[in-house]
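With mmCIF, C-alpha atoms and all ligand atoms inside, this is start_8.cif:
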data_protein
#
loop_
_atom_site.label_atom_id
_atom_site.label_comp_id
_atom_site.auth_asym_id
_atom_site.auth_seq_id
_atom_site.Cartn_x
_atom_site.Cartn_y
_atom_site.Cartn_z
CA MET A 1 -26.73 -9.83 -25.32
CA SER A 2 -26.12 -9.66 -21.61
CA ARG A 3 -28.11 -11.32 -18.91
CA PRO A 4 -28.54 -9.68 -15.53
CA THR A 5 -27.70 -12.14 -12.74
CA HIS A 6 -30.55 -11.47 -10.46
CA PHE A 7 -31.40 -14.68 -8.61
CA SER A 8 -32.07 -15.32 -4.95
CA ARG A 9 -29.19 -16.86 -3.01
CA ARG A 10 -31.30 -19.93 -2.28
CA ARG A 11 -32.12 -20.34 -5.97
CA LEU A 12 -28.45 -19.90 -6.88
CA LEU A 13 -27.38 -22.57 -4.46
CA GLN A 14 -30.00 -24.93 -5.87
CA LEU A 15 -28.91 -24.24 -9.45
CA ALA A 16 -25.22 -24.49 -8.67
CA ALA A 17 -25.69 -27.72 -6.70
CA ALA A 18 -27.51 -29.15 -9.70
CA GLY A 19 -24.59 -28.09 -11.90
CA LEU A 20 -26.89 -25.81 -13.87
CA ILE A 21 -24.91 -22.61 -13.59
CA ILE A 22 -21.29 -21.65 -13.78
CA GLY A 23 -19.69 -18.24 -13.63
CA PRO A 24 -19.42 -15.45 -11.17
CA THR A 25 -22.71 -15.67 -9.37
CA ALA A 26 -22.40 -19.38 -8.65
CA GLU A 27 -18.86 -18.90 -7.44
CA LEU A 28 -19.85 -16.04 -5.17
CA ALA A 29 -22.45 -18.30 -3.65
CA PHE A 30 -19.86 -20.98 -2.97
CA GLY A 31 -16.76 -18.90 -2.34
CA ARG A 32 -13.47 -19.14 -4.19
CA SER A 33 -12.26 -22.44 -5.50
CA GLN A 34 -8.86 -21.69 -7.08
CA SER A 35 -5.66 -21.90 -5.11
CA LEU A 36 -3.71 -18.70 -4.64
CA GLU A 37 0.00 -18.52 -5.24
CA ALA A 38 2.37 -15.65 -5.86
CA THR A 39 4.29 -16.31 -9.07
CA GLY A 40 6.84 -14.49 -11.21
CA GLN A 41 5.66 -12.63 -14.32
CA PRO A 42 7.60 -10.97 -17.16
CA ILE A 43 8.30 -7.23 -16.99
CA PRO A 44 5.14 -5.44 -18.18
CA ARG A 45 5.22 -3.85 -21.63
CA GLY A 46 6.08 -0.16 -21.91
CA VAL A 47 8.00 0.09 -18.63
CA THR A 48 11.01 2.43 -18.70
CA LEU A 49 13.41 1.89 -15.83
CA PRO A 50 15.43 4.84 -14.47
CA ALA A 51 18.67 5.31 -16.45
CA SER A 52 20.77 5.72 -13.31
CA PRO A 53 20.22 4.66 -9.68
CA PRO A 54 19.13 7.29 -7.14
CA GLU A 55 21.47 9.04 -4.71
CA ALA A 56 21.94 7.46 -1.30
CA PRO A 57 18.84 8.04 0.87
CA ALA A 58 18.84 10.29 3.95
CA SER A 59 19.57 8.46 7.20
CA ASP A 60 15.95 8.74 8.40
CA SER A 61 14.43 7.71 5.04
CA VAL A 62 12.01 4.75 5.40
CA GLY A 63 13.26 1.67 3.54
CA ILE A 64 10.47 -0.02 1.59
CA ALA A 65 10.48 -3.44 -0.10
CA ILE A 66 8.15 -3.65 -3.09
CA ILE A 67 6.23 -6.93 -3.28
CA GLY A 68 5.08 -7.56 -6.88
CA LEU A 69 6.91 -5.84 -9.74
CA GLY A 70 3.94 -5.34 -12.07
CA GLY A 71 2.50 -2.44 -14.04
CA TYR A 72 1.38 -0.21 -11.19
CA ALA A 73 4.56 -0.66 -9.14
CA LEU A 74 6.94 -0.08 -12.03
CA ARG A 75 5.06 2.60 -13.99
CA GLN A 76 3.62 4.71 -11.17
CA MET A 77 4.69 3.98 -7.65
CA MET A 78 8.40 3.23 -7.81
CA PRO A 79 9.04 6.43 -9.84
CA ALA A 80 6.90 8.28 -7.26
CA ILE A 81 9.00 6.90 -4.39
CA GLN A 82 12.04 8.35 -6.20
CA ARG A 83 10.40 11.78 -5.94
CA THR A 84 10.22 11.68 -2.14
CA GLN A 85 12.87 12.41 0.45
CA SER A 86 10.93 10.45 3.07
CA CYS A 87 11.30 6.89 1.74
CA HIS A 88 13.25 4.82 -0.74
CA VAL A 89 13.12 1.44 -2.45
CA ALA A 90 15.25 -0.71 -0.16
CA GLY A 91 14.22 -4.20 -1.29
CA LEU A 92 12.29 -6.15 -3.91
CA VAL A 93 10.19 -9.30 -3.69
CA SER A 94 9.54 -11.09 -6.96
CA GLY A 95 9.14 -14.55 -8.44
CA ASN A 96 11.13 -13.50 -11.53
CA ARG A 97 14.79 -13.15 -10.50
CA ASP A 98 15.99 -11.70 -13.84
CA LYS A 99 13.30 -9.00 -13.80
CA ALA A 100 14.07 -8.21 -10.16
CA LEU A 101 17.81 -7.93 -10.84
CA ALA A 102 17.20 -5.47 -13.71
CA VAL A 103 14.78 -3.43 -11.57
CA GLY A 104 17.20 -3.60 -8.63
CA ARG A 105 20.08 -2.20 -10.72
CA ALA A 106 17.88 0.69 -11.90
CA TYR A 107 16.73 1.55 -8.36
CA GLY A 108 20.03 0.94 -6.56
CA VAL A 109 18.76 -2.11 -4.64
CA PRO A 110 21.59 -4.46 -3.61
CA GLU A 111 21.29 -8.05 -4.83
CA ASP A 112 21.08 -9.37 -1.29
CA ALA A 113 17.96 -7.23 -0.72
CA ILE A 114 16.13 -9.00 -3.54
CA TYR A 115 13.85 -11.70 -2.16
CA SER A 116 11.70 -14.36 -3.78
CA TYR A 117 8.28 -15.49 -2.60
CA GLU A 118 10.02 -18.61 -1.24
CA ASN A 119 12.74 -16.96 0.89
CA PHE A 120 10.60 -13.94 1.89
CA ASP A 121 10.65 -14.80 5.61
CA ALA A 122 14.38 -13.90 5.73
CA ILE A 123 13.32 -10.26 5.28
CA ALA A 124 12.55 -10.28 9.05
CA THR A 125 16.24 -9.83 9.91
CA ASP A 126 16.95 -7.28 7.15
CA ASP A 127 17.19 -3.96 9.00
CA ARG A 128 17.45 -2.01 5.75
CA ILE A 129 13.76 -2.73 5.21
CA ASP A 130 11.29 -0.98 7.56
CA ALA A 131 8.15 -1.59 5.53
CA VAL A 132 6.69 -3.37 2.52
CA TYR A 133 4.43 -2.13 -0.25
CA ILE A 134 2.11 -4.89 -1.49
CA VAL A 135 1.32 -4.37 -5.19
CA LEU A 136 0.24 -7.94 -5.91
CA PRO A 137 -3.05 -9.10 -7.44
CA SER A 138 -5.78 -8.32 -4.94
CA GLY A 139 -6.46 -11.93 -3.93
CA LEU A 140 -2.91 -12.15 -2.56
CA HIS A 141 -3.03 -9.01 -0.40
CA ALA A 142 -4.22 -10.62 2.84
CA GLU A 143 -1.75 -13.50 2.83
CA TRP A 144 1.25 -11.26 2.07
CA ALA A 145 0.17 -8.63 4.59
CA GLU A 146 0.04 -11.31 7.27
CA LYS A 147 3.47 -12.63 6.27
CA SER A 148 4.88 -9.10 6.30
CA PHE A 149 3.52 -8.34 9.76
CA ALA A 150 4.89 -11.68 10.98
CA ALA A 151 8.28 -10.46 9.67
CA GLY A 152 7.87 -7.29 11.76
CA LYS A 153 7.39 -4.87 8.84
CA HIS A 154 4.93 -2.01 8.39
CA VAL A 155 2.54 -2.53 5.45
CA LEU A 156 1.27 -0.28 2.69
CA CYS A 157 -1.22 -2.39 0.73
CA GLU A 158 -2.75 -1.50 -2.62
CA LYS A 159 -6.50 -1.22 -3.00
CA PRO A 160 -8.73 -3.15 -2.67
CA MET A 161 -7.43 -4.02 0.81
CA ALA A 162 -8.49 -7.65 0.20
CA LEU A 163 -11.42 -9.56 -1.26
CA SER A 164 -13.56 -10.02 1.86
CA VAL A 165 -14.26 -8.51 5.25
CA ALA A 166 -12.91 -11.71 6.83
CA GLU A 167 -9.55 -11.16 5.10
CA CYS A 168 -9.53 -7.52 6.24
CA ASP A 169 -10.15 -8.65 9.83
CA ARG A 170 -7.15 -10.99 9.61
CA MET A 171 -4.96 -8.18 8.28
CA ILE A 172 -6.03 -5.72 10.99
CA ALA A 173 -5.47 -8.33 13.71
CA ALA A 174 -2.00 -9.13 12.32
CA SER A 175 -1.12 -5.44 12.24
CA GLN A 176 -2.20 -5.05 15.88
CA ARG A 177 -0.32 -8.16 17.02
CA ALA A 178 2.86 -6.92 15.34
CA ASP A 179 2.29 -3.31 16.45
CA ARG A 180 3.02 -2.18 12.90
CA LYS A 181 1.20 0.32 10.64
CA LEU A 182 -1.29 -0.73 7.97
CA MET A 183 -2.19 1.71 5.20
CA ILE A 184 -4.31 1.19 2.06
CA GLY A 185 -3.12 2.84 -1.17
CA TYR A 186 -6.14 5.10 -1.71
CA ARG A 187 -4.28 7.73 -3.73
CA CYS A 188 -7.32 10.04 -4.29
CA HIS A 189 -7.06 11.11 -0.63
CA PHE A 190 -3.79 12.80 -1.59
CA GLU A 191 -4.93 14.25 -4.95
CA PRO A 192 -5.69 18.02 -5.07
CA TYR A 193 -8.95 17.82 -7.11
CA ASN A 194 -10.52 15.18 -4.90
CA LEU A 195 -9.32 16.96 -1.76
CA ALA A 196 -10.82 20.23 -3.05
CA ALA A 197 -14.08 18.43 -3.87
CA MET A 198 -14.26 17.07 -0.29
CA ASP A 199 -13.70 20.63 1.07
CA LEU A 200 -16.35 22.07 -1.28
CA MET A 201 -18.92 19.49 -0.21
CA ARG A 202 -18.13 20.04 3.48
CA SER A 203 -18.57 23.80 3.03
CA GLY A 204 -21.96 23.35 1.36
CA ALA A 205 -20.85 24.63 -2.07
CA VAL A 206 -23.78 22.85 -3.79
CA GLY A 207 -26.16 23.02 -0.82
CA ASP A 208 -27.46 19.71 0.53
CA ILE A 209 -26.32 16.79 -1.63
CA GLU A 210 -29.27 15.08 -3.31
CA TRP A 211 -27.62 12.81 -5.88
CA ILE A 212 -24.18 11.50 -6.81
CA GLY A 213 -23.51 9.69 -10.07
CA SER A 214 -20.26 7.87 -10.78
CA LYS A 215 -19.03 5.78 -13.70
CA HIS A 216 -15.75 3.88 -13.64
CA GLN A 217 -15.69 1.66 -16.67
CA TYR A 218 -13.64 0.48 -19.64
CA THR A 219 -13.70 -2.28 -22.22
CA MET A 220 -11.32 -5.10 -21.35
CA GLY A 221 -9.55 -6.61 -24.38
CA PRO A 222 -9.86 -10.31 -25.23
CA THR A 223 -8.54 -12.38 -22.30
CA SER A 224 -9.33 -15.21 -19.90
CA PRO A 225 -8.75 -16.01 -16.21
CA ALA A 226 -5.63 -18.01 -17.13
CA GLN A 227 -4.13 -15.04 -18.98
CA ASN A 228 -5.14 -12.12 -16.77
CA TRP A 229 -5.56 -12.09 -12.99
CA ARG A 230 -8.25 -9.37 -13.32
CA ALA A 231 -10.49 -12.00 -14.97
CA SER A 232 -9.86 -14.56 -12.21
CA ARG A 233 -12.31 -15.00 -9.34
CA ALA A 234 -9.55 -16.13 -6.96
CA LEU A 235 -7.33 -13.13 -7.63
CA ALA A 236 -9.88 -10.39 -8.41
CA GLY A 237 -13.07 -11.31 -6.51
CA GLY A 238 -16.16 -10.20 -8.45
CA GLY A 239 -14.02 -8.09 -10.84
CA PRO A 240 -14.64 -4.46 -11.79
CA LEU A 241 -16.21 -3.38 -8.48
CA GLU A 242 -13.17 -4.32 -6.35
CA ASP A 243 -10.84 -2.83 -8.96
CA TYR A 244 -12.14 0.28 -10.75
CA GLY A 245 -15.58 0.65 -9.16
CA LEU A 246 -14.02 1.09 -5.74
CA TYR A 247 -13.19 4.66 -6.79
CA GLY A 248 -16.90 5.38 -7.21
CA VAL A 249 -17.73 3.83 -3.82
CA GLN A 250 -14.99 5.88 -2.19
CA ALA A 251 -16.09 9.10 -3.93
CA ALA A 252 -19.71 8.62 -2.84
CA LEU A 253 -18.53 8.27 0.77
CA TYR A 254 -15.99 11.09 0.88
CA LEU A 255 -18.21 13.52 -1.01
CA THR A 256 -21.28 12.93 1.17
CA GLY A 257 -19.20 12.44 4.31
CA GLU A 258 -21.63 9.64 5.18
CA LEU A 259 -21.91 5.86 5.22
CA PRO A 260 -24.70 4.27 3.16
CA ALA A 261 -27.69 2.90 5.05
CA ARG A 262 -29.20 0.85 2.20
CA ILE A 263 -27.78 -0.72 -0.96
CA SER A 264 -29.45 -2.23 -4.00
CA ALA A 265 -27.52 -3.57 -6.98
CA THR A 266 -27.50 -5.59 -10.19
CA THR A 267 -24.69 -7.47 -11.90
CA THR A 268 -24.43 -8.28 -15.59
CA THR A 269 -22.45 -11.05 -17.25
CA PRO A 270 -22.53 -11.83 -20.98
CA ALA A 271 -22.75 -15.53 -21.78
CA ASN A 272 -19.91 -17.38 -23.51
CA ASP A 273 -17.35 -14.62 -23.06
CA PRO A 274 -14.01 -15.94 -21.67
CA ARG A 275 -13.34 -12.52 -20.10
CA PHE A 276 -16.35 -13.02 -17.86
CA SER A 277 -16.35 -16.74 -17.12
CA GLU A 278 -15.34 -15.95 -13.52
CA VAL A 279 -15.91 -12.21 -12.91
CA PHE A 280 -18.85 -9.91 -13.55
CA ALA A 281 -18.80 -7.60 -16.57
CA THR A 282 -20.80 -4.77 -15.00
CA VAL A 283 -21.94 -3.90 -11.48
CA GLU A 284 -24.50 -1.16 -10.92
CA SER A 285 -25.46 -0.09 -7.43
CA ARG A 286 -27.62 2.43 -5.63
CA LEU A 287 -26.47 3.66 -2.23
CA GLU A 288 -28.94 5.50 0.00
CA PHE A 289 -27.46 7.70 2.73
CA PRO A 290 -29.08 8.70 6.04
CA SER A 291 -29.31 12.36 4.88
CA GLY A 292 -31.49 11.27 1.94
CA ALA A 293 -28.69 11.59 -0.62
CA VAL A 294 -28.56 8.82 -3.22
CA ALA A 295 -25.49 7.60 -5.15
CA GLU A 296 -25.89 5.70 -8.41
CA LEU A 297 -22.65 3.91 -9.27
CA SER A 298 -21.71 1.99 -12.38
CA THR A 299 -18.53 0.05 -12.97
CA SER A 300 -17.68 -2.21 -15.86
CA TYR A 301 -15.01 -4.03 -17.84
CA ASP A 302 -17.44 -4.19 -20.76
CA LEU A 303 -18.64 -0.63 -21.41
CA PRO A 304 -16.99 2.35 -23.13
CA GLY A 305 -14.34 4.13 -21.06
CA SER A 306 -15.65 6.55 -18.46
CA ASN A 307 -14.24 8.05 -15.27
CA GLU A 308 -16.56 10.56 -13.64
CA ALA A 309 -18.13 11.71 -10.40
CA LEU A 310 -21.06 14.13 -10.48
CA VAL A 311 -22.79 15.75 -7.53
CA ARG A 312 -26.17 17.48 -7.62
CA GLY A 313 -27.16 19.50 -4.58
CA THR A 314 -30.01 21.79 -3.62
CA SER A 315 -28.12 24.86 -4.91
CA GLY A 316 -25.55 23.66 -7.42
CA GLU A 317 -23.60 20.90 -9.11
CA LEU A 318 -20.04 19.63 -9.15
CA ILE A 319 -18.80 17.86 -12.27
CA MET A 320 -15.57 15.84 -12.10
CA ARG A 321 -14.62 14.24 -15.43
CA PRO A 322 -12.15 12.60 -15.33
CA ALA A 323 -12.49 12.36 -11.58
CA THR A 324 -10.03 9.80 -10.24
CA SER A 325 -7.45 9.29 -13.00
CA TYR A 326 -3.67 9.41 -12.64
CA GLY A 327 -3.71 12.91 -14.20
CA GLY A 328 -5.72 15.30 -16.37
CA GLN A 329 -8.54 15.87 -13.86
CA VAL A 330 -11.23 18.39 -14.89
CA MET A 331 -13.62 19.88 -12.32
CA THR A 332 -16.43 22.39 -12.73
CA LEU A 333 -18.64 23.95 -10.09
CA VAL A 334 -22.05 25.12 -11.36
CA ARG A 335 -24.03 27.63 -9.29
CA ASP A 336 -26.90 29.90 -10.38
CA GLY A 337 -26.34 28.77 -13.97
CA VAL A 338 -22.71 29.91 -13.90
CA SER A 339 -19.97 27.32 -14.56
CA GLU A 340 -16.68 27.85 -12.75
CA PRO A 341 -13.72 25.68 -13.79
CA LEU A 342 -11.56 24.80 -10.77
CA THR A 343 -7.86 23.95 -10.92
CA PRO A 344 -6.76 23.20 -7.38
CA GLY A 345 -3.37 21.68 -8.19
CA ASP A 346 -1.30 19.10 -10.02
CA PRO A 347 -2.94 15.64 -9.78
CA SER A 348 0.43 13.90 -10.22
CA VAL A 349 1.42 14.76 -6.63
CA GLN A 350 -1.07 12.14 -5.38
CA PHE A 351 1.45 9.30 -5.72
CA HIS A 352 4.40 10.77 -3.85
CA ARG A 353 2.21 12.50 -1.25
CA MET A 354 0.69 9.12 -0.44
CA MET A 355 4.20 7.73 0.06
CA ASP A 356 5.17 10.72 2.24
CA HIS A 357 2.08 10.14 4.41
CA PHE A 358 2.98 6.47 4.90
CA ALA A 359 6.66 7.23 5.60
CA SER A 360 5.78 9.88 8.14
CA ALA A 361 3.36 7.50 9.91
CA VAL A 362 6.10 4.86 10.10
CA ARG A 363 8.82 7.29 11.22
CA SER A 364 6.82 9.49 13.59
CA ASN A 365 4.03 7.12 14.61
CA THR A 366 1.36 9.52 13.26
CA PRO A 367 -2.17 8.29 12.41
CA ILE A 368 -2.93 6.94 8.94
CA LEU A 369 -5.70 8.61 6.97
CA THR A 370 -6.49 5.63 4.74
CA ASP A 371 -6.11 2.83 7.26
CA GLY A 372 -7.25 -0.77 7.46
CA VAL A 373 -10.54 0.29 9.06
CA MET A 374 -11.33 2.30 5.90
CA GLY A 375 -10.29 -0.60 3.66
CA ARG A 376 -12.50 -2.97 5.65
CA ARG A 377 -15.43 -0.53 5.55
CA ASP A 378 -15.25 -0.58 1.75
CA LEU A 379 -15.15 -4.39 1.57
CA ARG A 380 -18.28 -4.43 3.75
CA ILE A 381 -19.99 -2.24 1.14
CA ILE A 382 -18.73 -4.45 -1.69
CA GLU A 383 -20.04 -7.58 0.06
CA ALA A 384 -23.40 -5.88 0.67
CA THR A 385 -23.52 -4.89 -3.01
CA TYR A 386 -23.11 -8.51 -4.09
CA GLN A 387 -25.65 -9.66 -1.49
CA ALA A 388 -28.12 -7.13 -2.87
CA ALA A 389 -27.51 -8.24 -6.46
CA GLU A 390 -27.79 -11.94 -5.59
CA SER A 391 -30.96 -11.55 -3.59
CA GLY A 392 -32.57 -8.84 -5.71
CA ARG A 393 -33.40 -7.11 -2.42
CA VAL A 394 -32.28 -3.95 -0.68
CA VAL A 395 -29.55 -4.68 1.87
CA THR A 396 -29.61 -2.58 5.03
CA LEU A 397 -26.27 -1.78 6.62
P1 LIG B 401 0.00 -6.38 -12.73
O1 LIG B 401 -0.59 -7.61 -13.31
O2 LIG B 401 0.59 -5.38 -13.65
O3 LIG B 401 1.13 -6.78 -11.68
C1 LIG B 401 0.93 -7.76 -10.73
C2 LIG B 401 2.28 -8.32 -10.35
O4 LIG B 401 2.10 -9.23 -9.26
C3 LIG B 401 2.93 -9.16 -11.46
O5 LIG B 401 3.80 -8.46 -12.26
C4 LIG B 401 3.71 -10.18 -10.69
O6 LIG B 401 5.01 -9.67 -10.49
C5 LIG B 401 3.03 -10.28 -9.37
N1 LIG B 401 2.33 -11.56 -9.16
C6 LIG B 401 2.62 -12.42 -8.17
N2 LIG B 401 1.81 -13.49 -8.22
C7 LIG B 401 1.01 -13.33 -9.28
C8 LIG B 401 -0.03 -14.12 -9.83
N3 LIG B 401 -0.41 -15.29 -9.27
N4 LIG B 401 -0.66 -13.65 -10.94
C9 LIG B 401 -0.30 -12.47 -11.49
N5 LIG B 401 0.68 -11.66 -11.00
C10 LIG B 401 1.33 -12.11 -9.90
O7 LIG B 401 -1.13 -5.71 -11.81
P2 LIG B 401 -1.20 -4.19 -11.30
O8 LIG B 401 -2.05 -3.43 -12.25
O9 LIG B 401 0.14 -3.71 -11.00
O10 LIG B 401 -2.05 -4.37 -9.97
C11 LIG B 401 -1.46 -4.80 -8.75
C12 LIG B 401 -2.27 -4.26 -7.57
O11 LIG B 401 -2.24 -2.84 -7.61
C13 LIG B 401 -3.74 -4.65 -7.55
O12 LIG B 401 -4.18 -4.87 -6.24
C14 LIG B 401 -4.45 -3.44 -8.12
O13 LIG B 401 -5.78 -3.31 -7.65
C15 LIG B 401 -3.56 -2.32 -7.63
N6 LIG B 401 -3.60 -1.16 -8.53
C16 LIG B 401 -3.88 0.05 -7.98
C17 LIG B 401 -3.93 1.16 -8.79
C18 LIG B 401 -4.23 2.51 -8.20
O14 LIG B 401 -4.44 3.45 -8.96
N7 LIG B 401 -4.20 2.64 -6.88
C19 LIG B 401 -3.70 1.05 -10.16
C20 LIG B 401 -3.40 -0.20 -10.68
C21 LIG B 401 -3.35 -1.30 -9.84
#

Transcribe the structure of this file into structure tokens.
Amino acid sequence: MSRPTHFSRRRLLQLAAAGLIIGPTAELAFGRSQSLEATGQPIPRGVTLPASPPEAPASDSVGIAIIGLGGYALRQMMPAIQRTQSCHVAGLVSGNRDKALAVGRAYGVPEDAIYSYENFDAIATDDRIDAVYIVLPSGLHAEWAEKSFAAGKHVLCEKPMALSVAECDRMIAASQRADRKLMIGYRCHFEPYNLAAMDLMRSGAVGDIEWIGSKHQYTMGPTSPAQNWRASRALAGGGPLEDYGLYGVQAALYLTGELPARISATTTTPANDPRFSEVFATVESRLEFPSGAVAELSTSYDLPGSNEALVRGTSGELIMRPATSYGGQVMTLVRDGVSEPLTPGDPSVQFHRMMDHFASAVRSNTPILTDGVMGRRDLRIIEATYQAAESGRVVTL
């Protein structure tokens, strides 16, 4: 039922110019056409706000304004900020004033620290706010990072950093001009299972890595670009790779400790499916590393749910399933036919440890582990993946 989009760029441009194709591949060839605007949305379903506001923060706690009060901010990250001593929710930026007022009451944010997308620039003179946390749809990250740096604030930006290397370059330049920190919300770098896996690979626990396999996929319910930003080219880029598949890309890099030298890829898009009129359904890629290790990655919004990272080395295997979830990680090391379950810690610490890392970088000017250079590196790999799929050729990095 699905057709692999596997044309040369030249052929795509010819077809698109002749009006013969629509959909993700044509749009990638021509860039994004929709305008981007931050808008207010209703409070997401299933969100429980704290019953009572937090105690007053410590005097050296970093004040953070949350930009975008959606599912990830309200369900995961704002509760995680409450668990830290290092930072607190000091402001909100939202296009939905009623939602923001309700969230503000629950988190003890004064009404005059609640900003809209229109009056955001006034945040520059608000000394209660040291930094912002951008939890907007991905296509809005670059613009709001630039605005935040122009307002003199440090920036924690959700993954993906942006939708192109060019946007990442703008963000890094703005951060340097403002002399403010830029961090990307790569939570797995603060999660005990993934940290233990990195240590195991560095110590040669499976010998030399030969192969990595990763699947990050789920089946998206009925939707369309107008209903869901994740189905919109302008707000989500190519779709699953920037969103869920980025975990597989990251895992391949932090498990091998290498950058890929060559990438080949295919994309798949079912015809006449409103979910995939603008984004790809599935992206499969093969990354070849200088050591000879190969990573085969699959990400999809149209396949049964899967979250795994597997490593096969010359003397053993590591199985992580689920590998990069919010919780419930399971990890097994197999050596000489013996399986050893590993339980390095509580995965739920990843959220507040990430916030502590950011707060400490802001307060003490310490280096950021998951910085803009890392975010840009990953967008370079994503762009190369699409180039490989479009051309049907191996792309050399
Ligand atoms: P969401 O749809 O639940 O929330 C997005 C929020 O952005 C909306 O509630 C709205 O307040 C705001 N918004 C402003 N302009 C908008 C527009 N034009 N269209 C839609 N919303 C608009 O999305 P989410 O799942 O919270 O994702 C937000 C960001 O967080 C994305 O970049 C995503 O990749 C990232 N994320 C990261 C993780 C992780 O595990 N690190 C998990 C989920 C999401």

How would you write, as a PyMOL selection string, the set of residues no farther than 7 Å from ligand LIG 401 (chain B) when counting all atoms listed in the file?
chain A and resi 36-44+68-73+94-95+135-138+158-160+185-187+229+243

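Shortest separation to Leu342 (chain A) among A:Arg321, A:Arg202, A:His216, A:His357 occurs at residue A:Arg321, atoms counted being only C-alpha atoms.
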
As a check of understanding: the span from CA of Ser291 (chain A) to CA of Ser315 (chain A) is 15.9 Å

Scan for residues within 8 Å of the point (-15.9, 8.2, -6.7) in the coordinates of the file, using all atoms listed in the file, and reply as a PyMOL selection string.
chain A and resi 214+245-253+308-309+323-324

What is the distance, in Å and to one decimal place, between CA of Thr219 (chain A) and CA of Ser300 (chain A)?
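CA of Ser300 (chain A) lies at a distance of 7.5 Å from CA of Thr219 (chain A).
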
So how far away is CA of Thr343 (chain A) from CA of Thr299 (chain A), in Å?
26.3 Å

The residue from A:Phe190, A:Ser277, A:Gly372, A:Gly63 with the smallest atom-to-atom distance to Ser175 (chain A), counting only C-alpha atoms, is A:Gly372

Calculated over only C-alpha atoms, which of the candidates A:Gln217, A:Gln387, A:Thr256, A:Thr269 has the smallest distance to Leu303 (chain A)?
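Under the stated criterion, the closest residue is A:Gln217.
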
Using only C-alpha atoms, determine which residues lie at most 8 Å from Val132 (chain A), disregarding the query and same-chain residues fewer than 5 positions distant; provide the list as a PDB file with C-alpha atoms, keeping the file's coordinate frame.
ATOM      1  CA  ILE A  64      10.470  -0.020   1.590  1.00  0.00           C
ATOM      2  CA  ALA A  65      10.480  -3.440  -0.100  1.00  0.00           C
ATOM      3  CA  ILE A  66       8.150  -3.650  -3.090  1.00  0.00           C
ATOM      4  CA  ILE A  67       6.230  -6.930  -3.280  1.00  0.00           C
ATOM      5  CA  SER A 148       4.880  -9.100   6.300  1.00  0.00           C
ATOM      6  CA  LYS A 153       7.390  -4.870   8.840  1.00  0.00           C
ATOM      7  CA  HIS A 154       4.930  -2.010   8.390  1.00  0.00           C
ATOM      8  CA  VAL A 155       2.540  -2.530   5.450  1.00  0.00           C
ATOM      9  CA  LEU A 156       1.270  -0.280   2.690  1.00  0.00           C
TER      10      LEU A 156
END

Using only C-alpha atoms, can you tell me which of A:Gly313, A:Pro225, A:Pro192, A:Pro240 comes closest to Ser298 (chain A)?
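Counting only C-alpha atoms, the residue closest to Ser298 (chain A) is A:Pro240.
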
Can you pull out the residues contacting Thr84 (chain A)? Cut-off 8 Å, using all atoms listed in the file, and skip same-chain residues under 3 positions away; I want them as number ranges by chain.
A: 80-81, 87-88, 352, 355-356

In the coordinate frame of the file, compute which residues have an atom within 12 Å of (-6.9, 14.2, -4.2) when using all atoms listed in the file, and state them as a VMD selection string.
chain A and resid 186 to 199 247 250 to 251 254 to 255 320 323 to 327 329 331 343 to 354

Counting only C-alpha atoms, the residue of A:Arg377, A:Lys215, A:Arg363, A:Lys147 that sits nearest Ser86 (chain A):
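Closest residue, counting only C-alpha atoms: A:Arg363.
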
I need the residue nearest Thr268 (chain A) from this list: A:Ala102, A:Ala173, A:Ala389, A:Ala90. Use all atoms listed in the file for the distance.
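So, comparing all the options, the nearest one is A:Ala389.
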